[in-house]
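Read the structure below first, then the notes.
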Amino acid sequence: MTSHHETPAFHAAASLPELHEMLDKVQMKNGWNKPTPSLYPEPKLHFVPAHWRYEVARAALHKAGDLVDPKWAERRNLIMANPIPGNDYPSVATLVGAYQMVKGHETARSHRHTPNAMRVVLEAAPATYTIVDGVKVPMEPGDVLLTPNGSWHGHSNESGAEAYWIDFLDVPLVQLLGPMFFEQHPDTLERADRVDPASPMRFAFTDYHPRLLAAAQVSAGVRSLKLGPAQLSTFDRTVLHLEPGTRWMRPKSTVNRMYAVIRGQGRSEFADKRFDWSRGDVVAVPSWHEHTLVSDQESVVLEVSDEPLLRMFDWVREQAPAAKVSA
């Protein structure tokens, strides 16, 4: 059945406010007097630079090991929510980071979902595994492990020590676009009889670190190595080696970045703040924030960014810093 609505008598409007009121009744908004512009000269700064300390997260997760049972919790983790009003989840617009812990002789059940996921290992004893599509993948300190969307994945810590790592996911992006699906494995933890240290889902620290040290410098004191080939289409992973005393200024960019410190210590400097970081810490740099990486000692840092996503749409832009004028 076709629904017929009476057309407002727009011709009778004696003023713009009256016309606006009529438009509201037919679910239309005027485009000449919008309360907020839909187009603007440069990106809005909704998110702020933020810093999370592994030392703090580790202490909290250790205690959570006594209080949070993985039988009822999907994951024992701590979300790195950007500290802006009303936010309790995204770290930057498209990505979320989280610290996770699995106790010795404990498992985290298998599930799969639309979002892509990745993790960088901070602490893990031998016989700690992530299980991806029925294959055990070793987890060792410094390793970077991938879980493409739709892949079954769980964790099995067969050692006697607690294991800690950082998860990165594109959940905020999937939530924005809408195609979210999530499913728990019918066997709780997916069966896995084979261990594959050379899995394409794993970038072992012992493999990529020598290649990083041999990579060409992208800036004075900075070497860069992309961990590929790309298994995740929405965000990438690049390891950086910073020599002691390095200062690397990075311009404003439309790319959202998160840095995880694998080794070393230093700081991230912004126009109005500074974060001192060390092993295991995470720093979020939302789009359109100029920043400088400073290494106090030799450091290895993992950079996670949504650059592949933005490149697909030709949305990557940078703004060089304004030239300083001497008095």
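Every chain in the structure tokens has a letter given in the order shown (A, B, ...), and although residue numbers restart at 1 in each chain, ligands are simply numbered from 1 in the order shown.
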Interface rows for region 19-78 of chain A against region 166-178 of chain A: nearest pair, Å to one decimal, 10 Å, only C-alpha atoms, as a tab-separated table:
```
residue	atom	partner	partner_atom	distance
A:Tyr54	CA	A:Ile166	CA	9.4
A:Asn77	CA	A:Asp167	CA	9.0
A:Leu78	CA	A:Ile166	CA	9.4
```
Enumerate, in order of chain and increasing residue number, the residues of region 8-112 of chain A with an atom no farther than 10 Å from region 180-184 of chain A, each with its shortest atom pair and distance in Å to one decimal, counting only C-alpha atoms, as CSV.
```
residue,atom,partner,partner_atom,distance
A:Glu74,CA,A:Gln184,CA,9.4
A:Arg109,CA,A:Gln184,CA,7.9
A:Ser110,CA,A:Gln184,CA,6.3
A:His111,CA,A:Gln184,CA,4.2
A:Arg112,CA,A:Glu183,CA,5.5
```
For the residues in that selection, give me C-alpha atoms as a PDB file, in the first residue's frame.
```pdb
ATOM      1  CA  GLU A  74      35.440 -13.233  27.094  1.00  0.00           C
ATOM      2  CA  ARG A 109      38.270 -19.437  24.682  1.00  0.00           C
ATOM      3  CA  SER A 110      38.152 -19.310  20.900  1.00  0.00           C
ATOM      4  CA  HIS A 111      35.933 -16.946  18.959  1.00  0.00           C
ATOM      5  CA  ARG A 112      35.836 -15.122  15.648  1.00  0.00           C
TER       6      ARG A 112
END
```
Test item, helix (DSSP H, G or I) assignment across region 59-233 of chain A, answer as a PDB file with N, CA and C atoms, in the first residue's frame:
```
ATOM      1  N   ALA A  59      50.143  -4.450  36.785  1.00  0.00           N
ATOM      2  CA  ALA A  59      49.743  -4.605  38.189  1.00  0.00           C
ATOM      3  C   ALA A  59      48.240  -4.850  38.297  1.00  0.00           C
ATOM      4  N   ALA A  60      47.460  -4.124  37.490  1.00  0.00           N
ATOM      5  CA  ALA A  60      46.009  -4.294  37.530  1.00  0.00           C
ATOM      6  C   ALA A  60      45.594  -5.663  37.003  1.00  0.00           C
ATOM      7  N   LEU A  61      46.220  -6.109  35.911  1.00  0.00           N
ATOM      8  CA  LEU A  61      45.876  -7.409  35.355  1.00  0.00           C
ATOM      9  C   LEU A  61      46.295  -8.555  36.276  1.00  0.00           C
ATOM     10  N   HIS A  62      47.434  -8.383  36.942  1.00  0.00           N
ATOM     11  CA  HIS A  62      47.876  -9.414  37.888  1.00  0.00           C
ATOM     12  C   HIS A  62      46.825  -9.613  38.976  1.00  0.00           C
ATOM     13  N   LYS A  63      46.296  -8.500  39.478  1.00  0.00           N
ATOM     14  CA  LYS A  63      45.240  -8.603  40.477  1.00  0.00           C
ATOM     15  C   LYS A  63      43.964  -9.164  39.878  1.00  0.00           C
ATOM     16  N   ALA A  64      43.646  -8.762  38.659  1.00  0.00           N
ATOM     17  CA  ALA A  64      42.458  -9.276  37.989  1.00  0.00           C
ATOM     18  C   ALA A  64      42.528 -10.782  37.812  1.00  0.00           C
ATOM     19  N   GLY A  65      43.758 -11.322  37.775  1.00  0.00           N
ATOM     20  CA  GLY A  65      43.923 -12.770  37.678  1.00  0.00           C
ATOM     21  C   GLY A  65      43.284 -13.507  38.839  1.00  0.00           C
ATOM     22  N   ASP A  66      43.167 -12.838  39.998  1.00  0.00           N
ATOM     23  CA  ASP A  66      42.524 -13.440  41.163  1.00  0.00           C
ATOM     24  C   ASP A  66      41.012 -13.235  41.166  1.00  0.00           C
ATOM     25  N   LEU A  67      40.549 -12.247  40.395  1.00  0.00           N
ATOM     26  CA  LEU A  67      39.151 -11.833  40.501  1.00  0.00           C
ATOM     27  C   LEU A  67      38.316 -12.083  39.251  1.00  0.00           C
ATOM     28  N   VAL A 171      37.972  -2.533  15.746  1.00  0.00           N
ATOM     29  CA  VAL A 171      36.580  -2.582  16.193  1.00  0.00           C
ATOM     30  C   VAL A 171      35.856  -1.241  16.013  1.00  0.00           C
ATOM     31  N   PRO A 172      36.472  -0.098  16.377  1.00  0.00           N
ATOM     32  CA  PRO A 172      35.742   1.169  16.195  1.00  0.00           C
ATOM     33  C   PRO A 172      35.326   1.415  14.747  1.00  0.00           C
ATOM     34  N   LEU A 173      36.166   1.003  13.809  1.00  0.00           N
ATOM     35  CA  LEU A 173      35.834   1.155  12.396  1.00  0.00           C
ATOM     36  C   LEU A 173      34.637   0.283  12.026  1.00  0.00           C
ATOM     37  N   VAL A 174      34.646  -0.973  12.470  1.00  0.00           N
ATOM     38  CA  VAL A 174      33.544  -1.893  12.167  1.00  0.00           C
ATOM     39  C   VAL A 174      32.255  -1.404  12.821  1.00  0.00           C
ATOM     40  N   GLN A 175      32.349  -0.900  14.047  1.00  0.00           N
ATOM     41  CA  GLN A 175      31.165  -0.369  14.714  1.00  0.00           C
ATOM     42  C   GLN A 175      30.585   0.813  13.946  1.00  0.00           C
ATOM     43  N   LEU A 176      31.451   1.665  13.412  1.00  0.00           N
ATOM     44  CA  LEU A 176      30.989   2.827  12.659  1.00  0.00           C
ATOM     45  C   LEU A 176      30.274   2.408  11.377  1.00  0.00           C
ATOM     46  N   LEU A 177      30.865   1.459  10.647  1.00  0.00           N
ATOM     47  CA  LEU A 177      30.297   1.044   9.364  1.00  0.00           C
ATOM     48  C   LEU A 177      29.158   0.043   9.516  1.00  0.00           C
ATOM     49  N   PHE A 205      60.176 -11.938  16.738  1.00  0.00           N
ATOM     50  CA  PHE A 205      61.162 -10.897  17.029  1.00  0.00           C
ATOM     51  C   PHE A 205      62.549 -11.329  16.577  1.00  0.00           C
ATOM     52  N   THR A 206      62.881 -12.605  16.792  1.00  0.00           N
ATOM     53  CA  THR A 206      64.211 -13.099  16.428  1.00  0.00           C
ATOM     54  C   THR A 206      64.442 -13.072  14.922  1.00  0.00           C
ATOM     55  N   ASP A 207      63.353 -12.979  14.148  1.00  0.00           N
ATOM     56  CA  ASP A 207      63.466 -12.895  12.694  1.00  0.00           C
ATOM     57  C   ASP A 207      63.487 -11.443  12.216  1.00  0.00           C
ATOM     58  N   TYR A 208      62.535 -10.634  12.686  1.00  0.00           N
ATOM     59  CA  TYR A 208      62.445  -9.286  12.131  1.00  0.00           C
ATOM     60  C   TYR A 208      63.453  -8.312  12.734  1.00  0.00           C
ATOM     61  N   HIS A 209      63.941  -8.575  13.948  1.00  0.00           N
ATOM     62  CA  HIS A 209      64.866  -7.627  14.570  1.00  0.00           C
ATOM     63  C   HIS A 209      66.170  -7.488  13.770  1.00  0.00           C
ATOM     64  N   PRO A 210      66.816  -8.590  13.348  1.00  0.00           N
ATOM     65  CA  PRO A 210      68.022  -8.429  12.519  1.00  0.00           C
ATOM     66  C   PRO A 210      67.741  -7.695  11.209  1.00  0.00           C
ATOM     67  N   ARG A 211      66.587  -7.946  10.618  1.00  0.00           N
ATOM     68  CA  ARG A 211      66.246  -7.255   9.368  1.00  0.00           C
ATOM     69  C   ARG A 211      66.006  -5.770   9.612  1.00  0.00           C
ATOM     70  N   LEU A 212      65.449  -5.457  10.763  1.00  0.00           N
ATOM     71  CA  LEU A 212      65.233  -4.054  11.118  1.00  0.00           C
ATOM     72  C   LEU A 212      66.558  -3.317  11.257  1.00  0.00           C
ATOM     73  N   LEU A 213      67.525  -3.957  11.920  1.00  0.00           N
ATOM     74  CA  LEU A 213      68.824  -3.324  12.123  1.00  0.00           C
ATOM     75  C   LEU A 213      69.558  -3.105  10.800  1.00  0.00           C
ATOM     76  N   ALA A 214      69.238  -3.912   9.788  1.00  0.00           N
ATOM     77  CA  ALA A 214      69.885  -3.782   8.483  1.00  0.00           C
ATOM     78  C   ALA A 214      69.108  -2.889   7.520  1.00  0.00           C
TER      79      ALA A 214
END
```
Exercise for review: Within 7 Å of region 85-91 of chain A, counting only C-alpha atoms, which residues show up once you throw out same-chain ones fewer than 6 positions away? Write them as a ChimeraX atom specification, please.
Suggested key: /A:79,97,172,284
Those residues you just picked out, can you put them in a file as an mmCIF file, in the first residue's frame with C-alpha atoms?
```
data_model
loop_
_atom_site.group_PDB
_atom_site.id
_atom_site.type_symbol
_atom_site.label_atom_id
_atom_site.label_comp_id
_atom_site.auth_asym_id
_atom_site.auth_seq_id
_atom_site.Cartn_x
_atom_site.Cartn_y
_atom_site.Cartn_z
ATOM 1 C CA ILE A 79 40.840 -1.214 27.177
ATOM 2 C CA GLY A 97 44.299 -1.107 21.975
ATOM 3 C CA PRO A 172 35.742 1.169 16.195
ATOM 4 C CA ALA A 284 48.099 7.061 20.773
#
```
Practice item. Kindly indicate which residue among A:Arg76, A:Lys29, A:His46, A:Arg267 lies nearest to Met101 (chain A), using only C-alpha atoms for the distances. Key: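 Of A:Arg76, A:Lys29, A:His46, A:Arg267, the one nearest Met101 (chain A), counting only C-alpha atoms, is A:Arg76.
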